[in-house]
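Enquirer: So here's structure.cif, just mmCIF, C-alpha atoms, pLDDT in the B column; chains and numbers go by the auth columns:
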```cif
data_structure
loop_
_atom_site.group_PDB
_atom_site.id
_atom_site.type_symbol
_atom_site.label_atom_id
_atom_site.label_comp_id
_atom_site.label_asym_id
_atom_site.label_seq_id
_atom_site.Cartn_x
_atom_site.Cartn_y
_atom_site.Cartn_z
_atom_site.B_iso_or_equiv
_atom_site.auth_seq_id
_atom_site.auth_asym_id
ATOM 1 C CA MET A 1 7.862 6.425 6.174 92.00 1 A
ATOM 2 C CA ASP A 2 9.897 6.728 2.969 94.00 2 A
ATOM 3 C CA MET A 3 9.403 4.144 0.242 94.00 3 A
ATOM 4 C CA THR A 4 11.016 3.347 -3.091 94.00 4 A
ATOM 5 C CA SER A 5 9.940 1.118 -6.007 94.00 5 A
ATOM 6 C CA VAL A 6 6.367 2.439 -5.903 95.00 6 A
ATOM 7 C CA LYS A 7 4.440 1.821 -9.129 94.00 7 A
ATOM 8 C CA GLU A 8 0.932 2.907 -8.102 94.00 8 A
ATOM 9 C CA ILE A 9 -1.244 3.757 -5.127 94.00 9 A
ATOM 10 C CA GLU A 10 -4.311 1.616 -5.756 93.00 10 A
ATOM 11 C CA ARG A 11 -6.407 3.041 -2.933 93.00 11 A
ATOM 12 C CA PHE A 12 -5.913 5.144 0.155 93.00 12 A
ATOM 13 C CA ASP A 13 -7.573 7.022 2.984 93.00 13 A
ATOM 14 C CA GLN A 14 -6.508 8.183 6.446 95.00 14 A
ATOM 15 C CA GLU A 15 -6.539 4.604 7.774 96.00 15 A
ATOM 16 C CA GLU A 16 -5.299 2.440 4.903 96.00 16 A
ATOM 17 C CA PHE A 17 -3.019 2.528 1.849 95.00 17 A
ATOM 18 C CA LEU A 18 -2.774 -0.221 -0.766 95.00 18 A
ATOM 19 C CA ILE A 19 0.391 0.306 -2.782 95.00 19 A
ATOM 20 C CA ARG A 20 1.634 -1.673 -5.798 94.00 20 A
ATOM 21 C CA THR A 21 5.420 -1.870 -5.840 93.00 21 A
ATOM 22 C CA THR A 22 7.839 -3.473 -8.263 91.00 22 A
ATOM 23 C CA GLN A 23 8.078 -6.454 -5.885 89.00 23 A
ATOM 24 C CA GLY A 24 4.414 -6.923 -4.924 91.00 24 A
ATOM 25 C CA HIS A 25 1.628 -5.248 -2.970 94.00 25 A
ATOM 26 C CA LEU A 26 2.016 -3.432 0.321 94.00 26 A
ATOM 27 C CA LEU A 27 -0.900 -2.734 2.650 95.00 27 A
ATOM 28 C CA ILE A 28 -0.284 -0.086 5.316 96.00 28 A
ATOM 29 C CA ARG A 29 -2.834 0.486 8.081 96.00 29 A
ATOM 30 C CA GLY A 30 -2.835 3.138 10.767 96.00 30 A
ATOM 31 C CA GLU A 31 -4.299 6.459 11.818 97.00 31 A
ATOM 32 C CA GLU A 32 -4.065 9.907 10.261 97.00 32 A
ATOM 33 C CA LEU A 33 -2.087 8.590 7.291 97.00 33 A
ATOM 34 C CA ARG A 34 -1.313 11.110 4.588 96.00 34 A
ATOM 35 C CA ILE A 35 0.902 11.510 1.546 96.00 35 A
ATOM 36 C CA VAL A 36 3.742 13.975 2.066 96.00 36 A
ATOM 37 C CA HIS A 37 5.488 13.356 -1.264 96.00 37 A
ATOM 38 C CA LEU A 38 4.732 11.170 -4.288 95.00 38 A
ATOM 39 C CA ASP A 39 6.794 10.805 -7.449 95.00 39 A
ATOM 40 C CA VAL A 40 5.564 7.761 -9.360 89.00 40 A
ATOM 41 C CA ASP A 41 8.023 8.406 -12.214 93.00 41 A
ATOM 42 C CA LYS A 42 10.893 7.871 -9.755 96.00 42 A
ATOM 43 C CA GLY A 43 8.971 5.355 -7.603 95.00 43 A
ATOM 44 C CA LEU A 44 9.180 7.474 -4.441 96.00 44 A
ATOM 45 C CA LEU A 45 6.547 7.866 -1.720 96.00 45 A
ATOM 46 C CA THR A 46 6.693 9.532 1.686 96.00 46 A
ATOM 47 C CA LEU A 47 3.871 8.948 4.179 95.00 47 A
ATOM 48 C CA GLU A 48 3.228 10.440 7.596 96.00 48 A
ATOM 49 C CA GLY A 49 0.924 9.228 10.332 96.00 49 A
ATOM 50 C CA ASN A 50 0.669 6.557 12.982 97.00 50 A
ATOM 51 C CA VAL A 51 1.468 3.253 11.233 94.00 51 A
ATOM 52 C CA LYS A 52 0.062 0.254 13.095 95.00 52 A
ATOM 53 C CA ASN A 53 0.346 -2.577 10.574 95.00 53 A
ATOM 54 C CA VAL A 54 2.292 -3.299 7.387 94.00 54 A
ATOM 55 C CA GLN A 55 1.549 -6.340 5.210 94.00 55 A
ATOM 56 C CA TYR A 56 3.475 -7.373 2.115 90.00 56 A
ATOM 57 C CA ASP A 57 2.347 -9.906 -0.486 84.00 57 A
ATOM 58 C CA GLU A 58 4.542 -10.566 -3.492 75.00 58 A
ATOM 59 C CA ASN A 59 1.939 -12.892 -5.042 69.00 59 A
ATOM 60 C CA PHE A 60 -1.079 -10.609 -4.655 57.00 60 A
ATOM 61 C CA GLU A 61 -3.652 -10.914 -7.412 51.00 61 A
ATOM 62 C CA GLU A 62 -6.701 -8.705 -7.002 48.00 62 A
ATOM 63 C CA ASN A 63 -9.135 -11.219 -8.522 41.00 63 A
ATOM 64 C CA SER A 64 -7.540 -14.349 -7.112 41.00 64 A
ATOM 65 C CA SER A 65 -8.584 -16.206 -3.985 41.00 65 A
ATOM 66 C CA LYS A 66 -4.858 -16.480 -3.229 45.00 66 A
ATOM 67 C CA GLY A 67 -4.584 -12.754 -2.445 52.00 67 A
ATOM 68 C CA ILE A 68 -4.515 -11.892 1.242 54.00 68 A
ATOM 69 C CA LEU A 69 -6.773 -8.869 0.759 55.00 69 A
ATOM 70 C CA HIS A 70 -9.323 -11.020 -1.016 54.00 70 A
ATOM 71 C CA LYS A 71 -9.307 -13.407 1.935 51.00 71 A
ATOM 72 C CA LEU A 72 -9.772 -10.541 4.364 57.00 72 A
ATOM 73 C CA PHE A 73 -12.352 -8.512 2.468 60.00 73 A
ATOM 74 C CA GLY A 74 -13.767 -11.051 0.013 52.00 74 A
#
```
Write out the structure in this file as structure tokens.

Expert:
Amino acid sequence: MDMTSVKEIERFDQEEFLIRTTQGHLLIRGEELRIVHLDVDKGLLTLEGNVKNVQYDENFEENSSKGILHKLFG
């Protein structure tokens, strides 16, 4: 998976990536996920692995009850 507009990887492991982009937050879930290439200055990210779920939230606020991740993980 190649991505653009990446501002920051907020957290990651082999099963989940939470990525802040210029347009909102992106949550990627799967198996054996790993970073192949990352250039935050250019906003580029390449991931490999078995992607099972991708969720996008343009209104994500980490401390807000409106955020989907907050609803899922409280």

Enquirer: Quick one: residues within 6 Å of A:His25, only C-alpha atoms, excluding same-chain residues fewer than 5 positions away - as a compact mmCIF listing (two decimals) with C-alpha atoms, keeping the file's coordinate frame?

Expert:
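And here's around_37.txt as it stands now:
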```
# COMPACT_ATOMS: atom_id res chain seq x y z
CA ILE A 19 0.39 0.31 -2.78
CA ARG A 20 1.63 -1.67 -5.80
CA TYR A 56 3.48 -7.37 2.12
CA ASP A 57 2.35 -9.91 -0.49
```

Enquirer: Compile the contact shell of A:Lys52 as a PyMOL selection string: residues with an atom at most 10 Å away, counting only C-alpha atoms, same-chain residues fewer than 4 positions apart removed.

Expert: chain A and resi 15+28-31

Enquirer: For the residues in that selection, give me C-alpha atoms as a PDB file, in the frame of the given file.

Expert:
```pdb
ATOM      1  CA  GLU A  15      -6.539   4.604   7.774  1.00 96.00           C
ATOM      2  CA  ILE A  28      -0.284  -0.086   5.316  1.00 96.00           C
ATOM      3  CA  ARG A  29      -2.834   0.486   8.081  1.00 96.00           C
ATOM      4  CA  GLY A  30      -2.835   3.138  10.767  1.00 96.00           C
ATOM      5  CA  GLU A  31      -4.299   6.459  11.818  1.00 97.00           C
TER       6      GLU A  31
END
```

Enquirer: Please write the residues picked by the PyMOL selection byres ((chain A and resi 22) around 8) on this file as an mmCIF file with C-alpha atoms, in the frame of the given file.

Expert:
```cif
data_model
loop_
_atom_site.group_PDB
_atom_site.id
_atom_site.type_symbol
_atom_site.label_atom_id
_atom_site.label_comp_id
_atom_site.auth_asym_id
_atom_site.auth_seq_id
_atom_site.Cartn_x
_atom_site.Cartn_y
_atom_site.Cartn_z
ATOM 1 C CA SER A 5 9.940 1.118 -6.007
ATOM 2 C CA VAL A 6 6.367 2.439 -5.903
ATOM 3 C CA LYS A 7 4.440 1.821 -9.129
ATOM 4 C CA ARG A 20 1.634 -1.673 -5.798
ATOM 5 C CA THR A 21 5.420 -1.870 -5.840
ATOM 6 C CA GLN A 23 8.078 -6.454 -5.885
ATOM 7 C CA GLY A 24 4.414 -6.923 -4.924
#
```

Enquirer: Any idea what the distance is between atom CA of A:Thr46 and atom CA of A:Asp13?

Expert: 14.5 Å

Enquirer: Which residues match the PyMOL selection byres ((chain A and resi 33) around 7) in the file above, as a list of chain:residue names?

Expert: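 Written out, the selection comes to A:Gln14, A:Glu15, A:Gly30, A:Glu31, A:Glu32, A:Arg34, A:Leu47, A:Glu48, A:Gly49, A:Asn50.
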
Enquirer: Would you write out those residues with C-alpha atoms, as a PDB file, in the frame of the given file?

Expert:
```
ATOM      1  CA  GLN A  14      -6.508   8.183   6.446  1.00 95.00           C
ATOM      2  CA  GLU A  15      -6.539   4.604   7.774  1.00 96.00           C
ATOM      3  CA  GLY A  30      -2.835   3.138  10.767  1.00 96.00           C
ATOM      4  CA  GLU A  31      -4.299   6.459  11.818  1.00 97.00           C
ATOM      5  CA  GLU A  32      -4.065   9.907  10.261  1.00 97.00           C
ATOM      6  CA  ARG A  34      -1.313  11.110   4.588  1.00 96.00           C
ATOM      7  CA  LEU A  47       3.871   8.948   4.179  1.00 95.00           C
ATOM      8  CA  GLU A  48       3.228  10.440   7.596  1.00 96.00           C
ATOM      9  CA  GLY A  49       0.924   9.228  10.332  1.00 96.00           C
ATOM     10  CA  ASN A  50       0.669   6.557  12.982  1.00 97.00           C
TER      11      ASN A  50
END
```

Enquirer: Suppose you want the space between atom CA of A:Asp41 and atom CA of A:Val54; what is it in Å?

Expert: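 Atom-to-atom, atom CA of A:Asp41 and atom CA of A:Val54 are spaced 23.5 Å apart.
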
Enquirer: To one decimal place, how far is atom CA of A:Glu58 from atom CA of A:Arg11 in Å?

Expert: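 So the two atoms, atom CA of A:Glu58 and atom CA of A:Arg11, lie 17.5 Å apart.
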
Enquirer: Going by the chain IDs and residue numbers used in this file, which residues fall under the PyMOL selection byres ((chain A and resi 45) around 9)? Write them as a list in words.

Expert: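 Selected by the PyMOL selection byres ((chain A and resi 45) around 9) here: Met1, Asp2, Met3, Thr4, Ser5, Val6, Ile35, Val36, His37, Leu38, Asp39, Val40, Gly43, Leu44, Thr46 and Leu47 of chain A.
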
Enquirer: Using the file's own x, y and z axes, so that the box edges lie along x, y and z, what centre and edge lengths in Å (one decimal) does a box around every listed atom of stretch 5-8 of chain A get when 6 Å is added on each side? Give it as AutoDock Vina command-line options.

Expert:
```
--center_x 5.4 --center_y 2.0 --center_z -7.5 --size_x 21.0 --size_y 13.8 --size_z 15.2
```
